[in-house]
$ cat work03.txt   # compact mmCIF, C-alpha atoms
# COMPACT_ATOMS: atom_id res chain seq x y z
CA MET A 1150 96.05 -15.95 -17.98
CA PRO A 1151 93.31 -14.34 -20.15
CA SER A 1152 92.32 -16.05 -23.39
CA VAL A 1153 92.45 -14.40 -26.81
CA ASP A 1154 88.68 -13.89 -26.69
CA GLU A 1155 88.89 -12.38 -23.21
CA ILE A 1156 91.61 -9.97 -24.30
CA ALA A 1157 89.62 -8.87 -27.35
CA SER A 1158 86.42 -8.42 -25.37
CA SER A 1159 88.23 -6.32 -22.76
CA VAL A 1160 89.18 -3.64 -25.30
CA ASP A 1161 87.31 -0.41 -24.60
CA ASP A 1162 87.23 3.19 -25.82
CA HIS A 1163 90.08 4.13 -23.50
CA ALA A 1164 92.38 1.53 -25.08
CA LEU A 1165 91.25 2.25 -28.63
CA THR A 1166 91.41 6.04 -28.62
CA PRO A 1167 95.23 6.46 -28.86
CA VAL A 1168 95.37 3.77 -31.55
CA VAL A 1169 92.67 5.45 -33.63
CA ARG A 1170 94.32 8.84 -33.22
CA SER A 1171 97.58 7.35 -34.52
CA ILE A 1172 95.75 5.81 -37.48
CA LEU A 1173 94.00 9.05 -38.41
CA GLY A 1174 96.96 11.25 -37.49
CA ASP A 1175 94.84 13.59 -35.42
CA ASP A 1176 94.75 13.91 -31.63
CA ARG A 1177 91.26 15.39 -31.82
CA ALA A 1178 89.67 12.14 -33.03
CA ARG A 1179 86.75 10.99 -30.90
CA LEU A 1180 85.53 7.43 -31.19
CA GLY A 1181 82.15 6.61 -32.62
CA GLU A 1182 80.73 3.13 -33.05
CA TRP A 1183 83.12 0.22 -33.54
CA LYS A 1184 83.19 -3.58 -33.64
CA TYR A 1185 85.61 -6.43 -34.08
CA ALA A 1186 85.80 -9.90 -35.64
CA GLN A 1187 88.35 -12.68 -35.56
CA LEU A 1188 90.28 -13.09 -38.80
CA ALA A 1189 92.57 -16.02 -38.15
CA VAL A 1190 93.94 -18.47 -35.65
CA VAL A 1191 97.73 -18.43 -35.85
CA SER A 1192 99.72 -21.66 -35.81
CA GLY A 1193 96.67 -23.72 -34.95
CA LEU A 1194 96.79 -22.45 -31.36
CA PRO A 1195 93.41 -20.80 -30.77
CA ASP A 1196 94.08 -20.28 -27.07
CA TYR A 1197 97.49 -18.69 -27.62
CA ARG A 1198 97.45 -16.80 -30.92
CA GLY A 1199 94.77 -14.71 -32.54
CA ILE A 1200 94.32 -12.01 -35.16
CA LEU A 1201 91.27 -9.76 -35.04
CA ARG A 1202 90.14 -6.75 -37.04
CA PHE A 1203 88.70 -3.76 -35.22
CA LYS A 1204 86.92 -1.15 -37.31
CA GLY A 1205 84.60 1.76 -36.81
CA SER A 1206 84.30 5.50 -37.19
CA ALA A 1207 85.65 8.55 -35.42
CA GLU A 1208 84.70 12.21 -35.45
CA VAL A 1209 87.45 14.58 -36.51
CA GLY A 1210 86.75 18.27 -36.92
CA GLY A 1211 83.03 17.70 -37.29
CA HIS A 1212 83.45 14.94 -39.90
CA SER A 1213 83.08 11.18 -39.52
CA ARG A 1214 86.08 9.19 -40.68
CA PRO A 1215 86.40 5.40 -40.95
CA TRP A 1216 89.28 3.51 -39.38
CA SER A 1217 90.44 -0.09 -38.95
CA ALA A 1218 93.26 -1.84 -37.13
CA ILE A 1219 94.53 -5.35 -36.54
CA LEU A 1220 94.81 -6.72 -33.02
CA LYS A 1221 97.38 -9.51 -32.81
CA VAL A 1222 97.49 -11.47 -29.57
CA VAL A 1223 100.54 -13.60 -28.75
CA ARG A 1224 100.36 -15.61 -25.54
CA ARG A 1225 103.28 -17.66 -24.29
CA HIS A 1226 102.58 -21.29 -25.08
CA PRO A 1227 103.70 -23.83 -22.43
CA THR A 1228 106.15 -25.31 -24.94
CA ALA A 1229 107.57 -21.93 -26.02
CA THR A 1230 111.17 -21.07 -25.22
CA ASP A 1231 112.79 -18.04 -23.62
CA ASN A 1232 116.04 -18.80 -25.44
CA PRO A 1233 116.50 -15.91 -27.91
CA ALA A 1234 118.71 -18.06 -30.16
CA HIS A 1235 115.91 -20.56 -30.77
CA PRO A 1236 113.44 -20.20 -33.70
CA GLY A 1237 110.63 -20.71 -31.18
CA PHE A 1238 111.63 -17.72 -29.03
CA TRP A 1239 108.17 -16.39 -28.39
CA ASN A 1240 108.56 -12.61 -28.02
CA ARG A 1241 111.04 -11.83 -30.82
CA GLU A 1242 108.51 -9.77 -32.77
CA ALA A 1243 107.76 -7.50 -29.82
CA LEU A 1244 111.47 -6.87 -29.33
CA ALA A 1245 111.92 -6.16 -33.03
CA PHE A 1246 109.19 -3.52 -33.09
CA ARG A 1247 110.32 -1.93 -29.83
CA SER A 1248 113.94 -1.77 -30.97
CA GLY A 1249 113.10 0.54 -33.87
CA LEU A 1250 114.78 -1.84 -36.33
CA LEU A 1251 111.60 -2.21 -38.38
CA SER A 1252 110.74 1.49 -38.57
CA ASP A 1253 113.29 2.38 -41.25
CA LEU A 1254 114.03 -0.62 -43.43
CA PRO A 1255 115.58 -0.24 -46.89
CA GLY A 1256 113.64 -1.87 -49.72
CA LEU A 1257 111.08 -3.81 -47.73
CA THR A 1258 108.49 -2.00 -45.60
CA ALA A 1259 107.39 -3.33 -42.21
CA VAL A 1260 103.76 -3.14 -41.21
CA ARG A 1261 103.16 -0.16 -38.98
CA CYS A 1262 102.82 -0.98 -35.28
CA TYR A 1263 100.73 1.56 -33.40
CA ASP A 1264 101.17 0.11 -29.94
CA ILE A 1265 102.36 -2.96 -28.01
CA THR A 1266 101.19 -3.81 -24.53
CA GLU A 1267 102.29 -6.65 -22.31
CA THR A 1268 99.66 -8.09 -20.04
CA LYS A 1269 100.00 -10.27 -16.99
CA GLY A 1270 100.59 -13.90 -17.85
CA SER A 1271 103.18 -13.45 -20.60
CA THR A 1272 100.93 -12.04 -23.32
CA PHE A 1273 101.73 -9.41 -25.93
CA VAL A 1274 99.01 -7.40 -27.63
CA PHE A 1275 99.98 -5.69 -30.89
CA TRP A 1276 97.94 -2.96 -32.56
CA LEU A 1277 98.92 -3.10 -36.21
CA GLU A 1278 98.12 -1.41 -39.47
CA ASP A 1279 95.23 -3.09 -41.33
CA LEU A 1280 96.65 -3.96 -44.74
CA VAL A 1281 94.69 -4.68 -47.90
CA ASP A 1282 96.60 -5.96 -50.91
CA GLU A 1283 95.95 -3.98 -54.07
CA TYR A 1284 95.70 -7.21 -56.11
CA GLU A 1285 92.34 -8.77 -55.35
CA ASN A 1286 92.95 -12.02 -57.23
CA GLY A 1287 96.58 -12.73 -56.41
CA TRP A 1288 99.85 -11.33 -57.67
CA PRO A 1289 101.00 -11.60 -61.28
CA LEU A 1290 104.42 -13.20 -61.68
CA GLU A 1291 106.16 -9.88 -62.19
CA ARG A 1292 104.91 -8.71 -58.79
CA TYR A 1293 106.80 -11.55 -57.14
CA GLY A 1294 109.88 -10.29 -58.95
CA LEU A 1295 109.33 -6.82 -57.52
CA ALA A 1296 108.89 -8.22 -54.01
CA ALA A 1297 112.15 -10.10 -54.48
CA ARG A 1298 113.78 -6.88 -55.62
CA HIS A 1299 112.66 -5.17 -52.42
CA LEU A 1300 114.05 -8.08 -50.40
CA GLY A 1301 117.30 -7.76 -52.34
CA GLN A 1302 117.46 -4.04 -51.62
CA MET A 1303 117.11 -4.76 -47.91
CA GLY A 1304 119.68 -7.55 -47.97
CA GLY A 1305 122.11 -5.56 -50.09
CA ALA A 1306 121.84 -2.46 -47.93
CA TYR A 1307 122.97 -4.37 -44.86
CA LEU A 1308 125.96 -5.62 -46.83
CA GLU A 1309 127.01 -2.30 -48.31
CA LYS A 1310 125.61 0.63 -46.37
CA ARG A 1311 124.30 -0.41 -42.98
CA THR A 1312 125.81 -2.17 -40.01
CA LEU A 1313 124.09 -5.43 -39.19
CA PRO A 1314 122.21 -5.28 -35.90
CA ASP A 1315 123.64 -7.54 -33.20
CA GLN A 1316 120.80 -7.97 -30.70
CA ASP A 1317 120.77 -11.42 -29.15
CA TRP A 1318 117.09 -11.96 -30.00
CA LEU A 1319 117.74 -11.89 -33.74
CA LEU A 1320 117.44 -15.40 -35.16
CA ARG A 1321 120.76 -16.52 -36.62
CA ARG A 1322 120.76 -18.95 -39.53
CA PRO A 1323 124.17 -18.63 -41.21
CA GLY A 1324 123.63 -21.94 -42.99
CA GLY A 1325 120.02 -21.18 -43.84
CA ALA A 1326 116.91 -23.07 -42.81
CA GLY A 1327 116.43 -26.75 -43.53
CA GLY A 1328 118.89 -29.54 -43.25
CA GLY A 1329 116.65 -31.75 -41.13
CA GLY A 1330 113.05 -30.80 -41.53
CA GLY A 1331 111.67 -34.05 -40.18
CA TRP A 1332 113.59 -36.22 -42.63
CA ALA A 1333 115.81 -37.86 -40.01
CA ALA A 1334 112.83 -38.98 -37.95
CA ALA A 1335 111.06 -40.21 -41.09
CA GLY A 1336 114.04 -42.10 -42.50
CA ALA A 1337 112.65 -45.52 -41.60
CA LEU A 1338 109.31 -44.68 -43.17
CA ILE A 1339 110.96 -43.48 -46.37
CA SER A 1340 113.21 -46.55 -46.55
CA ASP A 1341 110.30 -48.95 -46.05
CA GLU A 1342 109.09 -50.29 -49.42
CA ARG A 1343 105.61 -50.73 -47.98
CA THR A 1344 105.30 -46.94 -47.65
CA TRP A 1345 105.50 -46.52 -51.41
CA GLN A 1346 103.00 -49.30 -52.06
CA HIS A 1347 100.23 -47.49 -50.20
CA PRO A 1348 97.66 -46.55 -52.90
CA ASP A 1349 97.38 -42.93 -51.77
CA VAL A 1350 101.17 -42.57 -51.68
CA LYS A 1351 101.48 -44.07 -55.17
CA ARG A 1352 98.81 -41.68 -56.38
CA ALA A 1353 100.65 -38.68 -54.92
CA TYR A 1354 104.06 -39.76 -56.25
CA PRO A 1355 103.55 -41.55 -59.55
CA GLU A 1356 107.27 -41.25 -60.32
CA PRO A 1357 109.48 -43.10 -57.79
CA ILE A 1358 111.35 -40.75 -55.49
CA ALA A 1359 112.71 -42.89 -52.64
CA GLU A 1360 116.25 -43.09 -54.06
CA ARG A 1361 116.26 -39.42 -54.98
CA LEU A 1362 115.24 -38.58 -51.43
CA LYS A 1363 118.08 -40.64 -49.98
CA GLN A 1364 120.54 -38.84 -52.25
CA GLN A 1365 119.09 -35.48 -51.25
CA TRP A 1366 119.63 -36.37 -47.60
CA ALA A 1367 123.16 -37.64 -48.25
CA ASP A 1368 124.12 -34.38 -50.00
CA ARG A 1369 122.68 -32.04 -47.40
CA ARG A 1370 126.10 -31.08 -45.99
CA ALA A 1371 127.34 -30.01 -49.42
CA PHE A 1372 124.23 -27.85 -49.84
CA GLN A 1373 124.67 -26.34 -46.38
CA ASN A 1374 128.33 -25.59 -47.06
CA ALA A 1375 127.43 -23.75 -50.26
CA ILE A 1376 125.01 -21.57 -48.31
CA ALA A 1377 127.47 -21.00 -45.46
CA ARG A 1378 129.92 -19.44 -47.92
CA LEU A 1379 127.46 -16.65 -48.70
CA PRO A 1380 127.65 -13.33 -46.83
CA THR A 1381 124.98 -12.85 -44.17
CA THR A 1382 122.45 -10.06 -43.96
CA LEU A 1383 119.16 -9.07 -42.35
CA CYS A 1384 116.35 -11.48 -43.26
CA HIS A 1385 112.61 -11.55 -42.66
CA ASN A 1386 112.86 -15.38 -42.67
CA ASP A 1387 109.17 -16.00 -43.46
CA SER A 1388 108.60 -13.96 -46.60
CA HIS A 1389 105.80 -15.89 -48.27
CA THR A 1390 102.71 -14.49 -49.96
CA GLU A 1391 100.48 -14.47 -46.89
CA ASN A 1392 103.01 -12.26 -45.11
CA LEU A 1393 103.59 -9.79 -47.96
CA PHE A 1394 101.23 -7.09 -49.23
CA SER A 1395 101.45 -4.96 -52.35
CA ARG A 1396 100.60 -1.29 -51.87
CA SER A 1397 101.06 1.79 -54.04
CA ARG A 1398 102.44 5.03 -52.67
CA GLU A 1399 101.03 8.43 -53.60
CA ASP A 1400 103.57 8.74 -56.43
CA GLY A 1401 102.38 5.43 -57.91
CA THR A 1402 105.40 3.32 -57.02
CA GLN A 1403 104.65 -0.02 -55.42
CA GLU A 1404 105.99 -1.05 -52.05
CA THR A 1405 106.05 -4.48 -50.44
CA VAL A 1406 104.79 -4.42 -46.86
CA ALA A 1407 105.69 -7.36 -44.62
CA ILE A 1408 103.85 -8.64 -41.56
CA ASP A 1409 104.81 -11.39 -39.09
CA TRP A 1410 108.35 -10.56 -37.99
CA GLU A 1411 108.55 -13.42 -35.49
CA LEU A 1412 111.59 -14.97 -37.22
CA VAL A 1413 113.50 -11.81 -38.14
CA GLY A 1414 117.24 -12.33 -37.95
CA ILE A 1415 120.57 -12.73 -39.64
CA GLY A 1416 120.79 -15.24 -42.46
CA PRO A 1417 122.47 -15.95 -45.79
CA LEU A 1418 122.05 -13.83 -48.86
CA SER A 1419 119.14 -15.25 -50.90
CA GLY A 1420 117.59 -16.86 -47.83
CA ASP A 1421 114.40 -14.81 -48.01
CA ILE A 1422 113.65 -15.64 -51.63
CA THR A 1423 113.71 -19.36 -50.85
CA TYR A 1424 110.57 -18.82 -48.79
CA LEU A 1425 109.08 -16.58 -51.45
CA VAL A 1426 109.29 -19.37 -54.05
CA ILE A 1427 108.68 -22.54 -52.04
CA ALA A 1428 105.98 -21.24 -49.71
CA THR A 1429 104.21 -19.51 -52.61
CA LEU A 1430 104.06 -22.78 -54.52
CA ARG A 1431 103.16 -24.84 -51.47
CA ARG A 1432 100.32 -22.47 -50.58
CA MET A 1433 98.98 -22.74 -54.14
CA ALA A 1434 99.26 -19.02 -54.85
CA VAL A 1435 100.91 -19.79 -58.22
CA ASP A 1436 100.10 -22.65 -60.57
CA MET A 1437 102.80 -25.32 -60.77
CA LYS A 1438 103.04 -24.85 -64.53
CA ASP A 1439 104.42 -21.39 -63.74
CA ALA A 1440 106.92 -22.60 -61.13
CA ASP A 1441 109.98 -22.09 -63.35
CA ALA A 1442 108.79 -18.62 -64.38
CA LEU A 1443 108.22 -17.74 -60.72
CA GLU A 1444 111.72 -18.86 -59.84
CA ASP A 1445 113.24 -16.83 -62.69
CA ALA A 1446 111.28 -13.70 -61.79
CA VAL A 1447 112.27 -13.95 -58.13
CA LEU A 1448 115.96 -14.62 -58.78
CA ASP A 1449 116.25 -11.86 -61.36
CA GLY A 1450 114.39 -9.43 -59.09
CA TYR A 1451 116.52 -10.27 -56.07
CA VAL A 1452 119.80 -9.80 -57.92
CA ALA A 1453 118.52 -6.49 -59.30
CA GLY A 1454 117.70 -5.40 -55.75
CA LEU A 1455 121.19 -6.29 -54.56
CA ARG A 1456 122.64 -4.24 -57.40
CA ASP A 1457 120.33 -1.34 -56.49
CA ALA A 1458 121.91 -1.37 -53.04
CA GLY A 1459 125.41 -1.24 -54.47
CA TRP A 1460 126.35 -4.90 -54.09
CA SER A 1461 128.89 -6.02 -56.69
CA GLY A 1462 129.36 -9.65 -55.65
CA ASP A 1463 129.15 -12.79 -57.77
CA GLU A 1464 125.61 -13.38 -58.98
CA ARG A 1465 126.40 -17.06 -59.52
CA ALA A 1466 127.00 -17.51 -55.80
CA VAL A 1467 123.57 -16.07 -55.03
CA ARG A 1468 121.91 -18.40 -57.53
CA LEU A 1469 123.81 -21.40 -56.15
CA GLY A 1470 122.88 -20.42 -52.60
CA PHE A 1471 119.22 -20.16 -53.55
CA THR A 1472 119.24 -23.51 -55.36
CA ALA A 1473 121.03 -25.21 -52.48
CA ALA A 1474 118.54 -23.70 -50.01
CA VAL A 1475 115.64 -25.06 -52.04
CA ALA A 1476 117.36 -28.45 -52.12
CA LEU A 1477 117.43 -28.38 -48.31
CA ARG A 1478 113.66 -28.38 -48.03
CA LEU A 1479 113.97 -31.93 -46.75
CA GLY A 1480 110.78 -31.95 -44.76
CA LEU A 1481 108.31 -31.69 -47.65
CA VAL A 1482 107.96 -35.40 -48.33
CA PRO A 1483 107.84 -36.52 -44.67
CA GLN A 1484 105.17 -33.92 -44.04
CA THR A 1485 103.18 -35.12 -47.03
CA LEU A 1486 103.52 -38.77 -46.06
CA ASP A 1487 102.28 -37.90 -42.59
CA LEU A 1488 99.35 -36.10 -44.14
CA ILE A 1489 98.52 -39.14 -46.27
CA LEU A 1490 98.89 -41.74 -43.55
CA ASN A 1491 97.68 -39.83 -40.49
CA GLU A 1492 93.90 -39.37 -40.50
CA GLN A 1493 93.95 -36.86 -37.64
CA ARG A 1494 96.54 -34.75 -39.43
CA ARG A 1495 94.36 -34.76 -42.57
CA GLU A 1496 91.46 -33.28 -40.64
CA GLN A 1497 93.65 -30.59 -39.08
CA VAL A 1498 95.15 -29.50 -42.41
CA GLU A 1499 91.81 -29.43 -44.16
CA ARG A 1500 90.39 -27.14 -41.48
CA SER A 1501 93.34 -24.75 -41.49
CA TRP A 1502 93.92 -24.68 -45.26
CA HIS A 1503 90.22 -24.50 -46.19
CA ARG A 1504 90.80 -26.87 -49.08
CA PRO A 1505 90.11 -30.55 -49.70
CA VAL A 1506 93.01 -32.53 -48.26
CA GLU A 1507 93.50 -34.34 -51.58
CA GLU A 1508 94.23 -30.99 -53.22
CA VAL A 1509 96.80 -30.14 -50.54
CA ILE A 1510 98.50 -33.52 -50.88
CA LYS A 1511 98.70 -33.20 -54.65
CA ARG A 1512 100.30 -29.77 -54.48
CA TRP A 1513 102.78 -30.70 -51.75
CA ALA A 1514 103.87 -33.70 -53.80
CA GLN A 1515 104.33 -31.52 -56.88
CA VAL A 1516 106.49 -29.10 -54.90
CA ALA A 1517 108.58 -32.06 -53.69
CA TYR A 1518 109.41 -32.94 -57.31
CA PHE A 1519 110.34 -29.28 -57.88
CA VAL A 1520 112.68 -29.42 -54.87
CA LEU A 1521 114.27 -32.69 -55.99
CA ASP A 1522 114.94 -31.19 -59.42
CA ARG A 1523 116.69 -28.26 -57.71
CA ALA A 1524 118.78 -30.70 -55.70
CA ASP A 1525 119.93 -32.20 -58.99
CA ARG A 1526 120.70 -28.73 -60.29
CA ALA A 1527 122.59 -27.78 -57.14
CA ARG A 1528 124.84 -30.85 -57.53
CA GLN A 1529 125.60 -29.82 -61.10
CA MET A 1530 126.38 -26.27 -60.04
CA LEU A 1531 128.68 -27.50 -57.27
CA ALA A 1532 130.46 -29.89 -59.62
CA ALA A 1533 131.06 -27.07 -62.11
CA ARG A 1534 132.76 -24.79 -59.58
$ encode --input "work03.txt" --output "structure tokens"
Amino acid sequence: MPSVDEIASSVDDHALTPVVRSILGDDRARLGEWKYAQLAVVSGLPDYRGILRFKGSAEVGGHSRPWSAILKVVRRHPTATDNPAHPGFWNREALAFRSGLLSDLPGLTAVRCYDITETKGSTFVFWLEDLVDEYENGWPLERYGLAARHLGQMGGAYLEKRTLPDQDWLLRRPGGAGGGGGWAAAGALISDERTWQHPDVKRAYPEPIAERLKQQWADRRAFQNAIARLPTTLCHNDSHTENLFSRSREDGTQETVAIDWELVGIGPLSGDITYLVIATLRRMAVDMKDADALEDAVLDGYVAGLRDAGWSGDERAVRLGFTAAVALRLGLVPQTLDLILNEQRREQVERSWHRPVEEVIKRWAQVAYFVLDRADRARQMLAAR
């Protein structure tokens, strides 16, 4: 089975020419010089996932025109599953692009896929549009609200105007994500008083949280039930800031373009905006002092998008579903404890996040407090129903 590097190095003019002609929209394009460089290692699996940028020039009608494209390589990992119902189903994205589902989405825009090839050894090679976000220094809060509005337009359209797709490879999460998230396996660690006496743990969590965590775990079924009562719709299921790009059309209106459709499926209304808030905070794209404002912008934008699509349901149910979904992010503290107590894990995270591990730990702990506060709010909302 060829490695990511071997696949990239095997690309030649013959393979690139149809891709470049699609990019430039001209079948006369003739390749000039080109090169490539690796951009990222996906999921910490350098031998199985890779993202590379190819760029160069082409001659069209006597003029030289620049082009660029993203090569995404997905090789089947030995632990991957062929069960389409499982989140780890390894070729869901290829099926999604080939099905045509992503070519005409309402609200949200999918990255353009120029070509997909399947090589021997269970490997998919995607040629994708090379996206550049129009905000160089990160999105302002209102842009998150607009992205949420686009997600709401997509979700609302599949409730009001479009029939939900029923392909078996679509991930189905009627109760939303979460509900376990490593908490069950970490229960003994969380219940052990010695855990909370560790100096690095005390530094990360200056306010005691052990009892709040136990209550969060005990109430998980109530949170899941609240989400299960929501209607289901099409979801990206990984709509955080690194997977969303802001781009302006020729008329000046902004669109939100989404990459990484490996978890696309059917999920509860408001499911996508849970990722937009929590993953944005966890990845440090927004300062924690603006967490409440981010949440408000996203919720307001999402509801507006649903209304754009003609949805006339109860807004309070959407807000409860979102809050309950945030409360189900049960894995945040176990993951942070593992990062604090596991030296090898610290080294891995520091390499992949390109930040000092102490900075990552601090932010993850802050997000945990945010989640616990939403668990409190979800209980109040449930009690008031």
$ closest_residue --input "work03.txt" --among "A:Arg1431, A:Arg1361, A:Lys1438, A:Arg1494" --to "A:Arg1512" --atoms "all atoms listed in the file"
A:Arg1431
$ closest_residue --input "work03.txt" --among "A:Ala1377, A:Ile1265, A:Ala1466, A:Leu1173" --to "A:Gly1210" --atoms "only C-alpha atoms"
A:Leu1173
$ atom_distance --input "work03.txt" --atom1 "atom CA of A:Trp1460" --atom2 "atom CA of A:Pro1255"
13.8 Å
$ closest_residue --input "work03.txt" --among "A:Gly1454, A:Gly1181, A:Pro1380, A:Pro1227" --to "A:Gly1205" --atoms "only C-alpha atoms"
A:Gly1181
$ closest_residue --input "work03.txt" --among "A:Arg1179, A:Asp1445, A:Gly1462, A:Gly1294" --to "A:Gly1211" --atoms "all atoms listed in the file"
A:Arg1179
$ residues_around --input "work03.txt" --residues "stretch 1271-1278 of chain A" --least-positions-apart "6" --cutoff "7 Å" --atoms "all atoms listed in the file" --output "ChimeraX atom specification"
/A:1218-1225,1260-1265
$ closest_residue --input "work03.txt" --among "A:Lys1269, A:Arg1500, A:Arg1456, A:Arg1343" --to "A:Arg1298" --atoms "all atoms listed in the file"
A:Arg1456
$ residues_around --input "work03.txt" --residues "A:Arg1352" --least-positions-apart "4" --cutoff "12 Å" --atoms "all atoms listed in the file" --output "PyMOL selection string"
chain A and resi 1345-1348+1356-1357+1486+1489+1507+1510-1511+1514-1515
$ residues_near_point --input "work03.txt" --point "(119.6, -2.9, -55.2)" --cutoff "8 Å" --atoms "only C-alpha atoms" --output "number ranges by chain"
A: 1298-1299, 1301-1303, 1305-1306, 1452-1460
$ axis_aligned_box --input "work03.txt" --around "stretch 1287-1302 of chain A" --padding-each-side "5 Å" --output "AutoDock Vina command-line options"
--center_x 107.0 --center_y -8.6 --center_z -56.3 --size_x 30.9 --size_y 19.2 --size_z 21.8
$ closest_residue --input "work03.txt" --among "A:Thr1312, A:Thr1382, A:Gln1365, A:Asn1286" --to "A:Ala1434" --atoms "only C-alpha atoms"
A:Asn1286
$ residues_near_point --input "work03.txt" --point "(93.1, -8.9, -27.0)" --cutoff "12 Å" --atoms "only C-alpha atoms" --output "PyMOL selection string"
chain A and resi 1150-1161+1164-1165+1185-1187+1196-1203+1219-1224+1265-1268+1272-1276
$ residues_around --input "work03.txt" --residues "A:Asp1522" --least-positions-apart "2" --cutoff "12 Å" --atoms "all atoms listed in the file" --output "ChimeraX atom specification"
/A:1358,1361-1362,1364-1365,1440-1441,1472-1473,1475-1478,1515-1520,1524-1529
$ closest_atom_pairs --input "work03.txt" --of "stretch 1207-1238 of chain A" --to "stretch 1413-1429 of chain A" --cutoff "12 Å" --atoms "only C-alpha atoms" --output "Markdown table"
| residue | atom | partner | partner_atom | distance |
| --- | --- | --- | --- | --- |
| A:Pro1233 | CA | A:Gly1414 | CA | 10.7 |
| A:Ala1234 | CA | A:Gly1414 | CA | 9.8 |
| A:His1235 | CA | A:Gly1414 | CA | 11.0 |
| A:Pro1236 | CA | A:Val1413 | CA | 9.5 |
| A:Gly1237 | CA | A:Val1413 | CA | 11.7 |
| A:Phe1238 | CA | A:Val1413 | CA | 11.0 |
$ atom_distance --input "work03.txt" --atom1 "atom CA of A:Val1447" --atom2 "atom CA of A:Phe1372"
20.1 Å
$ closest_atom_pairs --input "work03.txt" --of "stretch 1283-1371 of chain A" --to "stretch 1241-1248 of chain A" --cutoff "10 Å" --atoms "only C-alpha atoms" --output "Markdown table"
| residue | atom | partner | partner_atom | distance |
| --- | --- | --- | --- | --- |
| A:Gln1316 | CA | A:Ser1248 | CA | 9.3 |
| A:Asp1317 | CA | A:Arg1241 | CA | 9.9 |
| A:Trp1318 | CA | A:Arg1241 | CA | 6.1 |
| A:Leu1319 | CA | A:Arg1241 | CA | 7.3 |
| A:Leu1320 | CA | A:Arg1241 | CA | 8.5 |
$ residues_around --input "work03.txt" --residues "A:Asp1162" --least-positions-apart "3" --cutoff "10 Å" --atoms "all atoms listed in the file" --output "number ranges by chain"
A: 1165-1169, 1179-1183
$ write_last_selection --input "work03.txt" --atoms "C-alpha atoms" --output "PDB file, keeping the file's coordinate frame"
ATOM      1  CA  LEU A1165      91.250   2.250 -28.630  1.00  0.00           C
ATOM      2  CA  THR A1166      91.410   6.040 -28.620  1.00  0.00           C
ATOM      3  CA  PRO A1167      95.230   6.460 -28.860  1.00  0.00           C
ATOM      4  CA  VAL A1168      95.370   3.770 -31.550  1.00  0.00           C
ATOM      5  CA  VAL A1169      92.670   5.450 -33.630  1.00  0.00           C
ATOM      6  CA  ARG A1179      86.750  10.990 -30.900  1.00  0.00           C
ATOM      7  CA  LEU A1180      85.530   7.430 -31.190  1.00  0.00           C
ATOM      8  CA  GLY A1181      82.150   6.610 -32.620  1.00  0.00           C
ATOM      9  CA  GLU A1182      80.730   3.130 -33.050  1.00  0.00           C
ATOM     10  CA  TRP A1183      83.120   0.220 -33.540  1.00  0.00           C
TER      11      TRP A1183
END
$ atom_distance --input "work03.txt" --atom1 "atom CA of A:Ala1297" --atom2 "atom CA of A:Lys1310"
19.0 Å
$ closest_atom_pairs --input "work03.txt" --of "stretch 1254-1335 of chain A" --to "stretch 1383-1389 of chain A" --cutoff "8 Å" --atoms "all atoms listed in the file" --output "CSV"
residue,atom,partner,partner_atom,distance
A:Met1303,CA,A:Leu1383,CA,7.3
A:Gly1304,CA,A:Leu1383,CA,5.8
A:Tyr1307,CA,A:Leu1383,CA,6.6
A:Leu1313,CA,A:Leu1383,CA,6.9
$ residues_around --input "work03.txt" --residues "A:Asn1392" --least-positions-apart "2" --cutoff "7 Å" --atoms "all atoms listed in the file" --output "PyMOL selection string"
chain A and resi 1388-1390+1394+1407-1409
